[in-house]
file protein_36.cif (mmCIF, C-alpha atoms)
data_work
#
loop_
_atom_site.label_atom_id
_atom_site.label_comp_id
_atom_site.auth_asym_id
_atom_site.auth_seq_id
_atom_site.Cartn_x
_atom_site.Cartn_y
_atom_site.Cartn_z
CA MET J 294 55.18 115.55 143.44
CA SER J 295 52.93 117.27 140.90
CA SER J 296 50.19 114.63 140.89
CA LEU J 297 50.32 114.29 144.68
CA ALA J 298 50.20 118.04 145.08
CA ALA J 299 47.23 118.25 142.73
CA ARG J 300 45.36 115.65 144.78
CA ALA J 301 46.37 117.48 147.94
CA ALA J 302 44.90 120.68 146.52
CA ALA J 303 41.60 118.92 145.85
CA ILE J 304 41.54 117.56 149.41
CA LEU J 305 42.39 120.87 150.99
CA ASP J 306 39.74 122.67 148.99
CA ARG J 307 37.18 120.58 150.88
CA ILE J 308 38.62 121.40 154.31
CA ASP J 309 36.85 123.99 156.40
CA ILE J 310 39.70 125.53 158.43
CA ALA J 311 37.21 126.79 161.01
CA ASP J 312 36.12 123.23 161.74
CA VAL J 313 39.22 121.04 161.53
CA SER J 314 39.25 117.65 163.18
CA PRO J 315 41.76 116.82 165.94
CA ARG J 316 43.70 114.65 163.47
CA ARG J 317 44.40 117.77 161.41
CA ILE J 318 45.81 119.81 164.29
CA GLY J 319 49.36 118.85 165.14
CA LYS J 320 52.35 120.09 167.04
CA LEU J 321 56.05 120.41 166.36
CA VAL J 322 58.36 117.95 168.08
CA SER J 323 61.72 118.61 166.39
CA TYR J 324 63.48 121.06 164.04
CA ASP J 325 66.99 120.67 162.63
CA GLY J 326 67.17 124.01 160.82
CA LEU J 327 65.87 122.72 157.48
CA THR J 328 63.11 120.21 158.24
CA MET J 329 60.60 119.93 161.08
CA GLU J 330 58.76 116.94 162.48
CA ALA J 331 55.16 117.18 163.64
CA VAL J 332 52.77 114.71 165.20
CA GLY J 333 48.98 114.62 164.99
CA LEU J 334 48.72 115.63 161.31
CA ASP J 335 46.86 113.68 158.64
CA LEU J 336 47.79 115.51 155.44
CA PRO J 337 49.26 114.31 152.13
CA ILE J 338 52.62 115.36 150.69
CA GLY J 339 52.45 118.77 149.07
CA SER J 340 49.90 120.16 151.53
CA GLY J 341 50.47 123.59 152.98
CA VAL J 342 50.41 124.16 156.75
CA ARG J 343 50.62 127.15 159.04
CA ILE J 344 52.61 127.28 162.29
CA THR J 345 50.21 128.91 164.73
CA THR J 346 52.87 130.04 167.22
CA THR J 347 54.82 132.08 164.64
CA GLY J 348 52.36 132.59 161.80
CA GLY J 349 54.91 131.00 159.48
CA ARG J 350 54.11 128.61 156.65
CA ALA J 351 55.49 125.20 155.78
CA GLU J 352 54.86 122.34 153.39
CA VAL J 353 54.46 118.62 153.98
CA VAL J 354 57.44 116.98 152.28
CA GLY J 355 57.46 113.44 153.69
CA PHE J 356 56.89 111.10 156.59
CA ARG J 357 59.04 109.30 159.15
CA GLY J 358 57.03 106.68 160.97
CA ASP J 359 53.93 108.37 162.39
CA ARG J 360 55.59 111.78 162.17
CA THR J 361 55.00 114.27 159.36
CA LEU J 362 58.05 115.99 157.89
CA LEU J 363 57.60 119.68 157.17
CA MET J 364 59.85 122.19 155.47
CA PRO J 365 59.39 125.84 156.47
CA LEU J 366 59.01 128.48 153.78
CA ASP J 367 60.93 130.98 155.91
CA SER J 368 63.89 129.56 157.80
CA ALA J 369 64.17 132.77 159.85
CA ASP J 370 61.04 132.05 161.90
CA ALA J 371 61.74 131.24 165.57
CA HIS J 372 59.96 127.89 165.85
CA ILE J 373 59.57 126.24 169.25
CA SER J 374 58.96 122.66 170.34
CA GLY J 375 55.26 122.04 170.86
CA GLY J 376 54.20 124.78 168.46
CA GLY J 377 50.80 124.27 166.88
CA VAL J 378 50.41 123.24 163.24
CA GLU J 379 47.22 123.56 161.23
CA PRO J 380 46.28 123.10 157.54
CA ASP J 381 46.62 126.04 155.17
CA ALA J 382 44.10 125.46 152.41
CA GLY J 383 45.68 128.08 150.18
CA GLY J 384 49.13 126.56 150.36
CA THR J 385 48.79 124.58 147.14
CA MET J 386 46.87 127.16 145.11
CA VAL J 387 48.07 130.23 143.20
CA GLY J 388 46.17 133.49 142.85
CA VAL J 389 46.00 134.36 139.14
CA GLY J 390 44.40 136.98 136.93
CA ALA J 391 45.07 140.01 134.77
CA ALA J 392 45.98 142.05 137.88
CA LEU J 393 49.34 140.23 137.93
CA LEU J 394 50.48 141.88 134.69
CA GLY J 395 53.17 144.45 135.33
CA ARG J 396 53.79 143.19 138.87
CA VAL J 397 56.68 141.55 140.71
CA VAL J 398 55.83 138.90 143.31
CA ASP J 399 57.69 136.44 145.53
CA ALA J 400 57.29 132.66 145.78
CA LEU J 401 54.16 133.06 147.94
CA GLY J 402 52.53 135.57 145.60
CA ASP J 403 53.14 138.58 147.85
CA PRO J 404 54.06 141.79 145.94
CA LEU J 405 57.67 142.97 145.98
CA ASP J 406 57.29 146.13 143.88
CA GLY J 407 55.65 148.36 146.49
CA PHE J 408 52.50 148.91 144.44
CA GLY J 409 50.11 147.41 146.98
CA ALA J 410 48.06 144.24 147.15
CA ILE J 411 47.18 142.29 144.00
CA ALA J 412 43.49 141.60 143.46
CA THR J 413 43.66 138.23 141.73
CA THR J 414 40.38 136.87 140.43
CA ASP J 415 41.03 133.13 140.00
CA ARG J 416 42.92 130.24 141.57
CA TRP J 417 45.21 127.71 139.88
CA PRO J 418 46.93 124.63 141.37
CA LEU J 419 50.59 125.25 142.14
CA ALA J 420 51.46 121.87 140.62
CA GLY J 421 49.15 122.36 137.64
CA HIS J 422 46.29 120.22 136.36
CA PRO J 423 47.02 116.64 135.28
CA GLY J 424 47.41 116.80 131.50
CA ASN J 425 46.37 114.57 128.62
CA PRO J 426 49.23 114.24 126.13
CA LEU J 427 46.72 114.22 123.27
CA ASP J 428 45.66 117.76 124.25
CA ARG J 429 49.18 119.01 123.56
CA GLY J 430 49.26 120.80 120.21
CA ARG J 431 52.02 120.33 117.64
CA VAL J 432 54.65 123.00 117.10
CA THR J 433 54.00 124.23 113.57
CA GLU J 434 54.27 128.04 113.76
CA PRO J 435 57.51 130.04 114.02
CA PHE J 436 58.03 132.09 117.16
CA ASP J 437 59.89 135.33 116.49
CA VAL J 438 62.46 136.11 119.21
CA GLY J 439 64.09 139.12 117.55
CA VAL J 440 67.58 137.54 117.43
CA ARG J 441 68.85 136.87 113.91
CA ALA J 442 70.99 133.82 114.66
CA VAL J 443 68.17 132.11 116.57
CA ASN J 444 65.45 133.06 114.11
CA ALA J 445 67.42 131.89 111.08
CA LEU J 446 69.55 128.97 112.28
CA LEU J 447 67.69 127.67 115.35
CA THR J 448 64.14 128.69 114.51
CA ALA J 449 61.89 128.50 117.57
CA GLY J 450 58.25 127.48 117.39
CA VAL J 451 55.15 128.48 119.28
CA GLY J 452 54.93 126.06 122.20
CA GLN J 453 58.57 124.94 122.06
CA ARG J 454 60.71 124.38 125.18
CA ILE J 455 64.31 125.62 124.81
CA ALA J 456 67.33 125.26 127.10
CA LEU J 457 69.85 128.12 127.02
CA VAL J 458 73.09 126.53 128.22
CA ALA J 459 76.36 128.23 129.16
CA GLY J 460 78.94 128.64 131.86
CA SER J 461 78.92 131.61 134.20
CA GLY J 462 79.48 135.03 132.68
CA VAL J 463 79.00 134.01 129.02
CA GLY J 464 75.81 136.01 128.47
CA LYS J 465 72.81 133.81 129.26
CA SER J 466 70.82 136.50 131.03
CA VAL J 467 71.69 139.14 128.44
CA LEU J 468 70.52 136.94 125.55
CA MET J 469 67.43 135.99 127.52
CA GLY J 470 66.61 139.67 127.98
CA GLN J 471 67.12 140.36 124.28
CA MET J 472 64.84 137.47 123.31
CA LEU J 473 62.27 138.74 125.81
CA ALA J 474 62.28 142.24 124.34
CA GLY J 475 62.14 140.96 120.78
CA SER J 476 59.52 138.23 121.19
CA GLU J 477 56.02 138.34 119.81
CA ALA J 478 54.37 136.88 122.92
CA GLU J 479 51.19 138.45 124.27
CA ILE J 480 52.23 137.79 127.88
CA ASN J 481 55.60 137.16 129.49
CA VAL J 482 56.07 135.25 132.74
CA ILE J 483 59.58 135.41 134.20
CA GLY J 484 60.96 133.36 137.06
CA LEU J 485 64.18 134.85 138.49
CA ILE J 486 65.21 132.05 140.80
CA GLY J 487 68.31 131.69 142.92
CA GLU J 488 70.11 134.68 141.43
CA ARG J 489 71.81 137.55 143.26
CA SER J 490 69.44 140.25 144.54
CA ARG J 491 71.37 142.84 142.55
CA GLU J 492 70.69 140.91 139.34
CA VAL J 493 66.95 140.96 140.03
CA SER J 494 66.93 144.76 140.29
CA ASP J 495 69.23 145.04 137.28
CA PHE J 496 67.01 142.79 135.17
CA LEU J 497 63.92 144.83 135.98
CA ALA J 498 65.69 148.10 135.21
CA THR J 499 67.54 147.14 132.03
CA LYS J 500 65.70 144.21 130.42
CA LEU J 501 62.09 145.28 130.91
CA PRO J 502 61.21 148.56 129.16
CA PRO J 503 57.79 149.94 130.15
CA ALA J 504 55.99 148.51 127.12
CA VAL J 505 57.31 145.02 127.86
CA ARG J 506 56.83 145.22 131.61
CA ALA J 507 53.15 146.09 131.22
CA ARG J 508 52.51 142.59 129.83
CA THR J 509 54.95 140.78 132.10
CA VAL J 510 54.64 138.94 135.43
CA VAL J 511 57.89 138.48 137.39
CA VAL J 512 58.33 135.92 140.16
CA ALA J 513 61.60 136.63 141.98
CA VAL J 514 63.32 134.64 144.74
CA PRO J 515 67.03 135.40 145.35
CA ALA J 516 69.68 132.86 146.27
CA ASP J 517 69.55 133.51 150.03
CA HIS J 518 65.96 132.29 150.38
CA ALA J 519 64.92 128.84 151.60
CA PRO J 520 65.22 126.04 149.01
CA LEU J 521 61.50 125.32 149.15
CA LEU J 522 60.78 128.95 148.19
CA ARG J 523 63.10 128.69 145.20
CA LEU J 524 61.33 125.53 144.08
CA ARG J 525 57.90 127.08 144.64
CA ALA J 526 58.91 130.14 142.60
CA ALA J 527 59.50 127.97 139.53
CA MET J 528 56.20 126.20 140.10
CA ARG J 529 54.34 129.48 140.65
CA ALA J 530 55.74 131.02 137.46
CA THR J 531 54.72 127.91 135.53
CA ALA J 532 51.24 127.91 137.10
CA ILE J 533 50.70 131.56 136.15
CA ALA J 534 51.76 130.79 132.58
CA GLU J 535 49.37 127.82 132.49
CA TYR J 536 46.49 130.03 133.58
CA PHE J 537 47.06 132.55 130.79
CA ARG J 538 47.46 129.69 128.29
CA SER J 539 44.06 128.37 129.40
CA GLN J 540 42.68 131.77 128.39
CA GLY J 541 43.92 131.21 124.84
CA ARG J 542 46.90 133.56 125.18
CA LYS J 543 50.36 133.20 123.64
CA VAL J 544 52.74 133.12 126.61
CA LEU J 545 56.53 133.27 126.86
CA LEU J 546 57.83 131.63 130.05
CA LEU J 547 61.43 132.36 131.06
CA VAL J 548 63.03 130.57 134.01
CA ASP J 549 66.46 131.81 135.09
CA SER J 550 67.79 129.46 136.12
CA LEU J 551 66.74 125.82 135.97
CA THR J 552 70.05 124.87 137.58
CA ARG J 553 69.23 126.87 140.73
CA VAL J 554 65.86 125.10 140.89
CA ALA J 555 67.68 121.77 140.69
CA HIS J 556 70.06 122.88 143.45
CA ALA J 557 67.05 123.71 145.64
CA GLN J 558 65.56 120.28 145.04
CA ARG J 559 68.94 118.72 145.85
CA GLU J 560 68.95 120.44 149.25
CA ILE J 561 65.42 119.24 149.93
CA GLY J 562 66.05 115.69 148.76
CA LEU J 563 69.26 115.22 150.73
CA SER J 564 67.64 116.61 153.88
CA LEU J 565 64.91 113.96 153.54
CA GLY J 566 67.47 111.18 153.32
CA GLU J 567 67.51 110.54 149.57
CA PRO J 568 70.71 108.86 148.39
CA PRO J 569 73.04 111.11 146.39
CA THR J 570 73.78 109.92 142.87
CA VAL J 571 75.64 111.71 140.05
CA LYS J 572 77.49 114.76 141.42
CA GLY J 573 75.51 114.51 144.64
CA TYR J 574 72.10 114.97 143.02
CA PRO J 575 69.35 112.73 144.46
CA PRO J 576 66.91 110.99 142.10
CA SER J 577 64.12 113.51 142.79
CA VAL J 578 66.08 116.21 140.92
CA PHE J 579 65.92 114.24 137.68
CA GLY J 580 62.19 113.79 138.14
CA LEU J 581 61.62 117.48 138.82
CA ILE J 582 63.04 118.76 135.51
CA PRO J 583 60.61 116.89 133.21
CA ARG J 584 57.70 117.71 135.54
CA LEU J 585 58.38 121.41 135.08
CA ALA J 586 59.22 121.31 131.38
CA GLU J 587 56.28 119.12 130.41
CA ARG J 588 53.86 121.71 131.75
CA ALA J 589 54.85 124.10 128.94
CA GLY J 590 53.73 123.71 125.33
CA ALA J 591 50.73 124.41 123.12
CA ASP J 592 47.15 123.57 124.15
CA SER J 593 45.05 122.27 121.27
CA ARG J 594 41.83 122.82 123.25
CA THR J 595 42.17 126.54 123.98
CA GLY J 596 44.57 127.58 121.22
CA GLY J 597 46.88 129.06 123.85
CA SER J 598 50.56 128.22 124.18
CA ILE J 599 53.54 128.43 126.51
CA THR J 600 56.86 128.86 124.72
CA ALA J 601 59.43 128.21 127.44
CA LEU J 602 63.06 129.26 127.76
CA TYR J 603 65.10 127.74 130.59
CA THR J 604 68.62 128.93 131.33
CA VAL J 605 70.96 126.16 132.46
CA LEU J 606 74.31 126.82 134.10
CA ALA J 607 77.06 124.49 132.89
CA ASP J 608 79.28 124.34 135.98
CA GLY J 609 82.89 124.69 134.87
CA ASP J 610 81.67 124.91 131.23
CA ASP J 611 80.96 121.17 131.46
CA LEU J 612 78.28 120.37 128.89
CA ASP J 613 78.10 116.82 130.27
CA ASP J 614 76.91 118.12 133.65
CA PRO J 615 73.94 115.95 134.75
CA ILE J 616 71.54 118.91 134.91
CA VAL J 617 72.57 120.09 131.44
CA ASP J 618 72.19 116.56 130.09
CA SER J 619 68.82 116.04 131.75
CA ALA J 620 67.49 119.38 130.48
CA ARG J 621 68.65 118.74 126.90
CA ALA J 622 66.96 115.34 126.95
CA ILE J 623 63.51 116.72 127.76
CA VAL J 624 63.30 120.07 125.91
CA ASP J 625 62.68 120.59 122.19
CA GLY J 626 65.94 122.37 121.47
CA HIS J 627 69.00 123.89 123.10
CA ILE J 628 71.18 126.92 122.53
CA ILE J 629 74.80 126.50 123.64
CA LEU J 630 76.83 129.63 124.35
CA SER J 631 80.59 129.40 123.79
CA ARG J 632 83.07 131.08 126.11
CA THR J 633 85.65 131.04 123.29
CA LEU J 634 83.35 133.05 121.01
CA GLY J 635 82.53 135.42 123.85
CA GLU J 636 86.23 136.06 124.43
CA GLN J 637 86.54 136.91 120.72
CA GLY J 638 83.90 139.62 121.09
CA VAL J 639 81.16 137.70 119.27
CA TYR J 640 77.74 138.46 120.73
CA PRO J 641 75.55 136.51 121.09
CA ALA J 642 78.21 133.81 121.49
CA ILE J 643 76.11 130.95 120.09
CA ASP J 644 77.95 127.76 119.20
CA ILE J 645 75.90 126.82 116.15
CA GLY J 646 77.53 123.42 115.77
CA ARG J 647 76.39 122.27 119.22
CA SER J 648 73.01 124.03 119.23
CA LEU J 649 69.82 122.55 117.85
CA SER J 650 66.13 123.23 117.33
CA ARG J 651 64.24 119.95 117.11
CA VAL J 652 61.16 121.61 115.60
CA MET J 653 62.88 123.71 112.93
CA ALA J 654 62.27 121.16 110.16
CA ASP J 655 58.51 121.40 110.83
CA ILE J 656 58.25 125.18 110.66
CA ALA J 657 60.99 126.54 108.37
CA PRO J 658 60.60 126.64 104.56
CA PRO J 659 62.90 124.48 102.36
CA GLU J 660 65.06 127.39 101.20
CA GLN J 661 65.81 128.39 104.78
CA MET J 662 66.64 124.80 105.75
CA ALA J 663 69.02 124.53 102.78
CA ALA J 664 70.78 127.77 103.67
CA ALA J 665 71.01 126.77 107.33
CA GLY J 666 72.50 123.43 106.28
CA ALA J 667 75.12 125.21 104.18
CA TYR J 668 75.99 127.48 107.10
CA ARG J 669 76.35 124.48 109.44
CA ARG J 670 78.61 122.63 106.98
CA LEU J 671 80.98 125.58 106.77
CA TRP J 672 80.88 126.07 110.55
CA SER J 673 81.62 122.40 111.25
CA ALA J 674 84.40 122.21 108.65
CA TYR J 675 86.22 125.10 110.29
CA GLU J 676 85.71 123.85 113.85
CA GLU J 677 86.89 120.32 113.02
CA ASN J 678 90.11 121.69 111.52
CA ARG J 679 90.57 124.66 113.87
CA ASP J 680 93.80 123.42 115.45
CA LEU J 681 95.41 122.68 112.09
CA ILE J 682 94.33 126.05 110.71
CA LEU J 683 95.60 128.05 113.70
CA MET J 684 98.90 126.14 113.76
CA GLY J 685 99.42 126.78 110.05
CA ALA J 686 99.51 123.05 109.41
CA TYR J 687 96.63 123.11 106.93
CA SER J 688 97.61 123.64 103.29
CA ALA J 689 95.20 125.48 101.04
CA GLY J 690 93.69 123.20 98.42
CA GLY J 691 93.62 120.15 100.65
CA ASP J 692 89.82 120.24 100.97
CA PRO J 693 87.54 122.61 99.01
CA LEU J 694 85.01 122.74 101.86
CA VAL J 695 87.67 123.69 104.41
CA ASP J 696 89.05 126.29 101.98
CA GLN J 697 85.58 127.80 101.68
CA ALA J 698 85.07 127.67 105.45
CA ILE J 699 88.32 129.59 106.03
CA ALA J 700 87.45 132.17 103.40
CA ARG J 701 83.94 132.69 104.76
CA ARG J 702 84.79 132.60 108.47
CA PRO J 703 84.26 136.38 108.81
CA ASP J 704 80.82 136.01 107.19
CA LEU J 705 79.89 133.18 109.56
CA LEU J 706 80.82 135.21 112.63
CA GLY J 707 79.32 138.40 111.22
CA PHE J 708 75.96 136.69 110.80
CA LEU J 709 75.99 135.74 114.48
CA LYS J 710 76.79 139.21 115.76
CA GLN J 711 73.95 141.45 116.87
CA LYS J 712 74.04 144.53 119.06
CA PRO J 713 72.31 144.31 122.43
CA GLY J 714 68.92 145.98 122.14
CA GLU J 715 68.77 145.48 118.36
CA LYS J 716 65.74 143.56 117.08
CA ILE J 717 65.83 141.62 113.81
CA ASP J 718 62.53 139.94 113.02
CA TYR J 719 62.02 136.48 111.61
CA ALA J 720 61.38 137.56 108.00
CA ALA J 721 64.54 139.71 107.90
CA SER J 722 66.59 136.95 109.53
CA GLN J 723 65.39 134.37 107.04
CA ALA J 724 66.06 136.65 104.08
CA ALA J 725 69.58 137.48 105.31
CA LEU J 726 70.44 133.79 105.74
CA VAL J 727 69.11 132.73 102.35
CA GLY J 728 70.76 135.70 100.63
CA ALA J 729 74.19 134.99 102.13
CA PHE J 730 74.35 131.19 102.27
CA ASP J 731 71.98 129.86 99.62
CA GLN J 732 73.77 127.00 97.83
#
call {"tool": "encode", "arguments": {"input": "protein_36.cif", "output": "structure tokens"}}
result
Amino acid sequence: MSSLAARAAAILDRIDIADVSPRRIGKLVSYDGLTMEAVGLDLPIGSGVRITTTGGRAEVVGFRGDRTLLMPLDSADAHISGGGVEPDAGGTMVGVGAALLGRVVDALGDPLDGFGAIATTDRWPLAGHPGNPLDRGRVTEPFDVGVRAVNALLTAGVGQRIALVAGSGVGKSVLMGQMLAGSEAEINVIGLIGERSREVSDFLATKLPPAVRARTVVVAVPADHAPLLRLRAAMRATAIAEYFRSQGRKVLLLVDSLTRVAHAQREIGLSLGEPPTVKGYPPSVFGLIPRLAERAGADSRTGGSITALYTVLADGDDLDDPIVDSARAIVDGHIILSRTLGEQGVYPAIDIGRSLSRVMADIAPPEQMAAAGAYRRLWSAYEENRDLILMGAYSAGGDPLVDQAIARRPDLLGFLKQKPGEKIDYAASQAALVGAFDQ
């Protein structure tokens, strides 16, 4: 969809809406509540259109014979048969600029914060510009997130893409907010997609102090909005981040949650007749995730970067869920949160054994890597023998490594724990790890 949408944007930029040809003026002939059919249109997939009878907007999502399939951006509009349809040249472009900083917008770029219109100065394609993989810079510089366990054991890099995976209620959003507050990014772009409306207000009030909010753009679309709006919110947030990266800025992109974006694409795909595959997801869902994730990263031409954090909901705590598996396969690292640790009062409840940073070896010094390896060995030794230890079936002296893991279990958990709102920078995190677990 991204390449088609980019070509559609180029086509629509050349259209003069005041002088459209008859082939570009259509009319609605059917509407089933999710998709509409129109005749008389000659527009590519991804194009934006406007319904003249209601003033509503829609997007071209497919074709059925000589009919164009549209999906409305607001399902509450009262569409009628025979309603006029005309191109909307701005439908595939995003207004961008410094005026967005400190603001909260919806999927269409309209302000939600009550502070008036936003005077954007530039335009950026919603689907992004086609990229050259050789322009993508390597991840060689640590990215400080202010969380000791992540900084020391799962060191993030500038331009890395990270999946934050957990079941419901295990602390994904809380950890995301803590990493946001503790990060060293120049600009933050946050996509709050498919969450409860209350959580949007709560996030703005509790996770964005004034100093952080002043350099943050929030794109918010709650769960009760049309699926196309939820999908566009993720694309808009990514497009805004791309614009600031093109200016040479260091950007942190947070999308909460990637699972809700996938659910939106599932609704769209099934409505267009795609065959359901694993757990009812159509193939387009598994194409969407890499398209979004691959737009983040470092740009060797401008020196800018997008370090991306995507929260992923593991339905039923199933880490083999197809969305979890697809996300882990494309990102550069994943942080798994454990419900068991959360129930023990360990915060953040990071399961170190199952979590991984694929770029850590390129950015962390040898002494930190050695200490992190020692920590992981002790963690794994305890976890592999947990049942025996808790049942009392393990006899001390049976394995020196297990003996050490049992003795140091409080130290392992204590290193993970960090109070909400507390910031521990990368240097302090590294020193604490090497000091406690240097072998």
call {"tool": "atom_distance", "arguments": {"input": "protein_36.cif", "atom1": "CA of Glu434 in chain J", "atom2": "CA of Val458 in chain J"}}
result
23.8 Å
call {"tool": "closest_residue", "arguments": {"input": "protein_36.cif", "among": "J:Val512, J:Ile717, J:Ile629, J:Ile699", "to": "Val463 in chain J", "atoms": "only C-alpha atoms"}}
result
J:Ile629
call {"tool": "atom_distance", "arguments": {"input": "protein_36.cif", "atom1": "CA of Ser648 in chain J", "atom2": "CA of Val571 in chain J"}}
result
24.3 Å
call {"tool": "closest_residue", "arguments": {"input": "protein_36.cif", "among": "J:Tyr675, J:Tyr640, J:Phe408, J:Tyr687", "to": "Ala442 in chain J", "atoms": "all atoms listed in the file"}}
result
J:Tyr640
call {"tool": "atom_distance", "arguments": {"input": "protein_36.cif", "atom1": "CA of Tyr668 in chain J", "atom2": "CA of Gln637 in chain J"}}
result
19.6 Å
call {"tool": "residues_around", "arguments": {"input": "protein_36.cif", "residues": "range 345-356 of chain J", "least_positions_apart": "4", "cutoff": "6 Å", "atoms": "only C-alpha atoms", "output": "list in words"}}
result
Ile338, Gly339, Ser340, Gly341, Arg360, Thr361, Leu362, Leu363, Met364, Pro365, Leu366, Gly376, Gly377 and Val378 of chain J
call {"tool": "resolve_selection", "arguments": {"input": "protein_36.cif", "expression": "the PyMOL selection byres ((chain J and resi 559) around 9)", "output": "mmCIF file with C-alpha atoms, in the frame of the given file"}}
result
data_model
loop_
_atom_site.group_PDB
_atom_site.id
_atom_site.type_symbol
_atom_site.label_atom_id
_atom_site.label_comp_id
_atom_site.auth_asym_id
_atom_site.auth_seq_id
_atom_site.Cartn_x
_atom_site.Cartn_y
_atom_site.Cartn_z
ATOM 1 C CA PRO J 520 65.220 126.040 149.010
ATOM 2 C CA VAL J 554 65.860 125.100 140.890
ATOM 3 C CA ALA J 555 67.680 121.770 140.690
ATOM 4 C CA HIS J 556 70.060 122.880 143.450
ATOM 5 C CA ALA J 557 67.050 123.710 145.640
ATOM 6 C CA GLN J 558 65.560 120.280 145.040
ATOM 7 C CA GLU J 560 68.950 120.440 149.250
ATOM 8 C CA ILE J 561 65.420 119.240 149.930
ATOM 9 C CA GLY J 562 66.050 115.690 148.760
ATOM 10 C CA LEU J 563 69.260 115.220 150.730
ATOM 11 C CA SER J 564 67.640 116.610 153.880
ATOM 12 C CA PRO J 569 73.040 111.110 146.390
ATOM 13 C CA GLY J 573 75.510 114.510 144.640
ATOM 14 C CA TYR J 574 72.100 114.970 143.020
ATOM 15 C CA PRO J 575 69.350 112.730 144.460
ATOM 16 C CA PRO J 576 66.910 110.990 142.100
ATOM 17 C CA SER J 577 64.120 113.510 142.790
ATOM 18 C CA VAL J 578 66.080 116.210 140.920
#
call {"tool": "residues_around", "arguments": {"input": "protein_36.cif", "residues": "Gly666 in chain J", "least_positions_apart": "6", "cutoff": "10 Å", "atoms": "only C-alpha atoms", "output": "mmCIF file with C-alpha atoms, in the coordinates of the input"}}
result
data_model
loop_
_atom_site.group_PDB
_atom_site.id
_atom_site.type_symbol
_atom_site.label_atom_id
_atom_site.label_comp_id
_atom_site.auth_asym_id
_atom_site.auth_seq_id
_atom_site.Cartn_x
_atom_site.Cartn_y
_atom_site.Cartn_z
ATOM 1 C CA LEU J 446 69.550 128.970 112.280
ATOM 2 C CA GLU J 660 65.060 127.390 101.200
ATOM 3 C CA TRP J 672 80.880 126.070 110.550
ATOM 4 C CA PHE J 730 74.350 131.190 102.270
ATOM 5 C CA ASP J 731 71.980 129.860 99.620
ATOM 6 C CA GLN J 732 73.770 127.000 97.830
#
call {"tool": "closest_residue", "arguments": {"input": "protein_36.cif", "among": "J:Thr595, J:Thr570, J:Ser476, J:Ser650", "to": "Arg508 in chain J", "atoms": "all atoms listed in the file"}}
result
J:Ser476
call {"tool": "resolve_selection", "arguments": {"input": "protein_36.cif", "expression": "the PyMOL selection byres ((chain J and resi 531) around 8)", "output": "short mmCIF file (atom, residue, chain, number, x, y, z; two decimals) with C-alpha atoms, in the coordinates of the input"}}
result
data_model
loop_
_atom_site.label_atom_id
_atom_site.label_comp_id
_atom_site.auth_asym_id
_atom_site.auth_seq_id
_atom_site.Cartn_x
_atom_site.Cartn_y
_atom_site.Cartn_z
CA VAL J 482 56.07 135.25 132.74
CA ALA J 527 59.50 127.97 139.53
CA MET J 528 56.20 126.20 140.10
CA ARG J 529 54.34 129.48 140.65
CA ALA J 530 55.74 131.02 137.46
CA ALA J 532 51.24 127.91 137.10
CA ILE J 533 50.70 131.56 136.15
CA ALA J 534 51.76 130.79 132.58
CA GLU J 535 49.37 127.82 132.49
CA LEU J 546 57.83 131.63 130.05
CA LEU J 585 58.38 121.41 135.08
CA ARG J 588 53.86 121.71 131.75
CA ALA J 589 54.85 124.10 128.94
#
call {"tool": "residues_around", "arguments": {"input": "protein_36.cif", "residues": "Ala729 in chain J", "least_positions_apart": "6", "cutoff": "10 Å", "atoms": "all atoms listed in the file", "output": "list in words"}}
result
Ala664, Tyr668, Asp704, Leu705 and Phe708 of chain J
call {"tool": "resolve_selection", "arguments": {"input": "protein_36.cif", "expression": "the PyMOL selection byres ((chain J and resi 448-452) around 6)", "output": "count of residues only"}}
result
16
call {"tool": "closest_atom_pairs", "arguments": {"input": "protein_36.cif", "of": "range 542-580 of chain J", "to": "range 605-628 of chain J", "cutoff": "6 Å", "atoms": "all atoms listed in the file", "output": "tab-separated table"}}
result
residue	atom	partner	partner_atom	distance
J:Ser550	CA	J:Val605	CA	5.9
J:Leu551	CA	J:Val605	CA	5.5
J:Thr552	CA	J:Val605	CA	5.4
call {"tool": "write_last_selection", "arguments": {"input": "protein_36.cif", "atoms": "C-alpha atoms", "output": "mmCIF file, in the coordinates of the input"}}
result
data_model
loop_
_atom_site.group_PDB
_atom_site.id
_atom_site.type_symbol
_atom_site.label_atom_id
_atom_site.label_comp_id
_atom_site.auth_asym_id
_atom_site.auth_seq_id
_atom_site.Cartn_x
_atom_site.Cartn_y
_atom_site.Cartn_z
ATOM 1 C CA SER J 550 67.790 129.460 136.120
ATOM 2 C CA LEU J 551 66.740 125.820 135.970
ATOM 3 C CA THR J 552 70.050 124.870 137.580
#
call {"tool": "closest_residue", "arguments": {"input": "protein_36.cif", "among": "J:Ala724, J:Leu565, J:Ala400, J:Ala392", "to": "Ala519 in chain J", "atoms": "only C-alpha atoms"}}
result
J:Ala400
call {"tool": "closest_residue", "arguments": {"input": "protein_36.cif", "among": "J:Ala474, J:Pro693, J:Gly714, J:Arg647", "to": "Glu676 in chain J", "atoms": "only C-alpha atoms"}}
result
J:Arg647
call {"tool": "residues_around", "arguments": {"input": "protein_36.cif", "residues": "Asp517 in chain J", "least_positions_apart": "5", "cutoff": "12 Å", "atoms": "only C-alpha atoms", "output": "list of chain:residue names"}}
result
J:Asp367, J:Ser368, J:Ala369, J:Ile486, J:Gly487, J:Glu488, J:Arg489, J:Ser490, J:Leu522, J:Arg523, J:Arg553, J:Ala557
call {"tool": "residues_around", "arguments": {"input": "protein_36.cif", "residues": "Ser374 in chain J", "least_positions_apart": "2", "cutoff": "8 Å", "atoms": "only C-alpha atoms", "output": "MDAnalysis selection string"}}
result
chainID J and resid 320:324 372 376
